[in-house]
$ cat data.txt   # compact mmCIF, C-alpha atoms
# COMPACT_ATOMS: atom_id res chain seq x y z
CA MET U 241 29.37 69.97 -63.99
CA ALA U 242 27.37 71.49 -61.14
CA VAL U 243 24.54 68.93 -61.22
CA THR U 244 25.01 66.03 -58.78
CA PHE U 245 22.94 62.93 -59.54
CA ASP U 246 21.90 60.59 -56.74
CA LYS U 247 23.69 57.25 -56.92
CA ARG U 248 20.60 55.04 -56.66
CA PRO U 249 17.83 55.67 -59.20
CA ILE U 250 14.41 54.06 -58.79
CA TYR U 251 13.55 51.43 -61.43
CA LEU U 252 9.90 50.64 -62.27
CA GLY U 253 10.09 48.09 -65.08
CA ASP U 254 11.63 49.96 -68.01
CA ARG U 255 10.98 53.34 -66.29
CA ILE U 256 13.55 55.27 -64.26
CA ILE U 257 13.14 58.00 -61.65
CA LEU U 258 16.40 59.86 -61.06
CA THR U 259 16.90 62.69 -58.58
CA ALA U 260 19.64 65.31 -58.57
CA GLU U 261 20.71 68.60 -57.05
CA TYR U 262 22.00 71.66 -58.88
CA THR U 263 23.91 74.74 -57.73
CA ALA U 264 22.87 78.35 -58.19
CA ALA U 265 25.64 78.84 -60.76
CA GLU U 266 24.00 76.22 -62.99
CA THR U 267 20.96 78.50 -63.50
CA ASP U 268 23.04 81.43 -64.76
CA VAL U 269 21.85 82.05 -68.34
CA ALA U 270 25.33 82.63 -69.70
CA ALA U 271 26.85 79.55 -68.00
CA SER U 272 24.12 77.00 -68.72
CA LEU U 273 25.43 73.99 -70.65
CA PRO U 274 23.61 70.82 -71.73
CA ILE U 275 23.72 68.07 -69.09
CA LYS U 276 23.77 64.54 -70.51
CA VAL U 277 21.94 61.66 -68.85
CA PRO U 278 23.41 58.47 -70.39
CA GLY U 279 21.32 55.32 -70.65
CA MET U 280 18.01 57.15 -70.34
CA LEU U 281 15.38 58.74 -72.58
CA ILE U 282 13.88 61.63 -70.62
CA ASP U 283 10.08 62.04 -70.55
CA ALA U 284 9.75 64.75 -67.88
CA ILE U 285 11.84 66.90 -65.56
CA ILE U 286 10.53 68.58 -62.41
CA VAL U 287 12.52 71.52 -61.03
CA MET U 288 12.26 72.56 -57.37
CA ASN U 289 14.14 75.63 -56.08
CA THR U 290 15.49 75.14 -52.54
CA GLU U 291 16.93 78.59 -51.88
CA ALA U 292 15.84 82.16 -52.39
CA PRO U 293 16.57 83.49 -55.88
CA THR U 294 19.18 86.16 -56.51
CA ASN U 295 17.74 86.83 -59.95
CA VAL U 296 17.61 90.55 -60.76
CA ASN U 297 14.25 90.13 -62.50
CA MET U 298 12.72 88.59 -59.37
CA LEU U 299 14.11 91.20 -56.99
CA THR U 300 12.95 94.31 -58.85
CA ALA U 301 9.78 96.22 -58.05
CA GLY U 302 8.09 94.64 -61.09
CA ASN U 303 8.77 91.13 -59.72
CA THR U 304 8.37 89.18 -62.97
CA ASN U 305 8.80 85.94 -60.99
CA THR U 306 10.63 84.02 -63.71
CA ALA U 307 10.85 80.39 -62.65
CA THR U 308 13.78 78.01 -63.15
CA GLN U 309 13.14 75.66 -66.07
CA ALA U 310 14.71 72.50 -67.43
CA ILE U 311 14.81 72.57 -71.23
CA LEU U 312 14.90 69.10 -72.77
CA GLY U 313 17.41 68.44 -75.57
CA THR U 314 16.17 67.35 -78.99
CA ASP U 315 17.66 63.88 -78.47
CA ARG U 316 15.83 63.47 -75.10
CA ARG U 317 19.13 62.38 -73.54
CA SER U 318 20.17 65.78 -72.21
CA PHE U 319 18.73 68.93 -70.67
CA THR U 320 19.71 72.49 -69.79
CA ILE U 321 18.75 74.28 -66.59
CA LEU U 322 17.63 77.80 -67.39
CA GLY U 323 17.08 80.49 -64.78
CA GLY U 324 15.61 83.90 -65.47
CA GLY U 325 18.88 85.77 -64.99
CA SER U 326 19.52 88.82 -67.10
CA GLY U 327 23.28 88.40 -67.36
CA PHE U 328 26.40 87.03 -65.68
CA GLY U 329 26.04 86.42 -61.96
CA THR U 330 22.24 86.52 -61.83
CA ASN U 331 20.66 83.20 -61.06
CA ASN U 332 17.60 81.56 -59.55
CA GLY U 333 19.38 79.83 -56.69
CA ALA U 334 20.13 76.18 -56.02
CA GLY U 335 17.55 73.42 -56.20
CA LYS U 336 16.63 69.81 -56.89
CA LEU U 337 15.53 67.89 -59.97
CA MET U 338 13.41 64.81 -60.48
CA ILE U 339 13.88 63.19 -63.88
CA TYR U 340 11.40 60.62 -65.20
CA GLY U 341 12.11 58.54 -68.27
CA ARG U 342 12.83 55.11 -69.64
CA ARG U 343 15.90 52.99 -70.17
CA ALA U 344 17.56 53.61 -73.49
$ encode --input "data.txt" --output "structure tokens"
Amino acid sequence: MAVTFDKRPIYLGDRIILTAEYTAAETDVAASLPIKVPGMLIDAIIVMNTEAPTNVNMLTAGNTNTATQAILGTDRRSFTILGGGSGFGTNNGAGKLMIYGRRA
């Protein structure tokens, strides 16, 4: 798994704030797999790119500017990072995540 979770989440009562980093390969459309977050029901995920994208769609003259997204799983215990790549090897670069939710 290319996502690295920080070892010390922030607890606010029954709420949790968890931060993580992901690699550029994790945003490749073809390689994206669900990432499970045990012990937590996810309410929101914030995605922040930290490097320049290598996404073909972003580098073309049209510049569609497709942002990296985190798609929440139906069980709210997992998510998938989805870049705007148009095939293998195109990605939106590495970045960071902030996950907000509650203890499960």
$ residues_near_point --input "data.txt" --point "(24.6, 54.3, -70.8)" --cutoff "10 Å" --atoms "all atoms listed in the file" --output "list of chain:residue names"
U:Val277, U:Pro278, U:Gly279, U:Met280, U:Arg343, U:Ala344
$ residues_near_point --input "data.txt" --point "(12.1, 57.2, -67.0)" --cutoff "8 Å" --atoms "all atoms listed in the file" --output "list in words"
Asp254, Arg255, Ile256, Ile257, Leu258, Met280, Leu281, Ile282, Asp283, Ala284, Ile339, Tyr340, Gly341, Arg342 and Arg343 of chain U
$ closest_residue --input "data.txt" --among "U:Thr290, U:Ile275, U:Leu337, U:Thr267" --to "U:Leu322" --atoms "only C-alpha atoms"
U:Thr267
$ atom_distance --input "data.txt" --atom1 "atom CA of U:Gly333" --atom2 "atom CA of U:Ile250"
26.3 Å
$ residues_around --input "data.txt" --residues "U:Ala307" --least-positions-apart "3" --cutoff "9 Å" --atoms "all atoms listed in the file" --output "PyMOL selection string"
chain U and resi 289+322-324+332
$ closest_residue --input "data.txt" --among "U:Ile285, U:Tyr251, U:Glu266, U:Ala334" --to "U:Ala310" --atoms "all atoms listed in the file"
U:Ile285
$ residues_around --input "data.txt" --residues "U:Tyr262" --least-positions-apart "5" --cutoff "7 Å" --atoms "all atoms listed in the file" --output "list in words"
Ala242, Val243, Thr244, Ala334, Gly335 and Lys336 of chain U
$ atom_distance --input "data.txt" --atom1 "atom CA of U:Thr308" --atom2 "atom CA of U:Ile321"
7.1 Å
$ atom_distance --input "data.txt" --atom1 "atom CA of U:Thr320" --atom2 "atom CA of U:Asp246"
17.8 Å
$ closest_residue --input "data.txt" --among "U:Pro274, U:Asp315, U:Gln309, U:Val287" --to "U:Ala260" --atoms "only C-alpha atoms"
U:Val287
$ axis_aligned_box --input "data.txt" --around "stretch 271-289 of chain U" --padding-each-side "4 Å" --output "JSON"
{"center_x": 18.3, "center_y": 67.4, "center_z": -64.3, "size_x": 25.1, "size_y": 32.2, "size_z": 24.5}
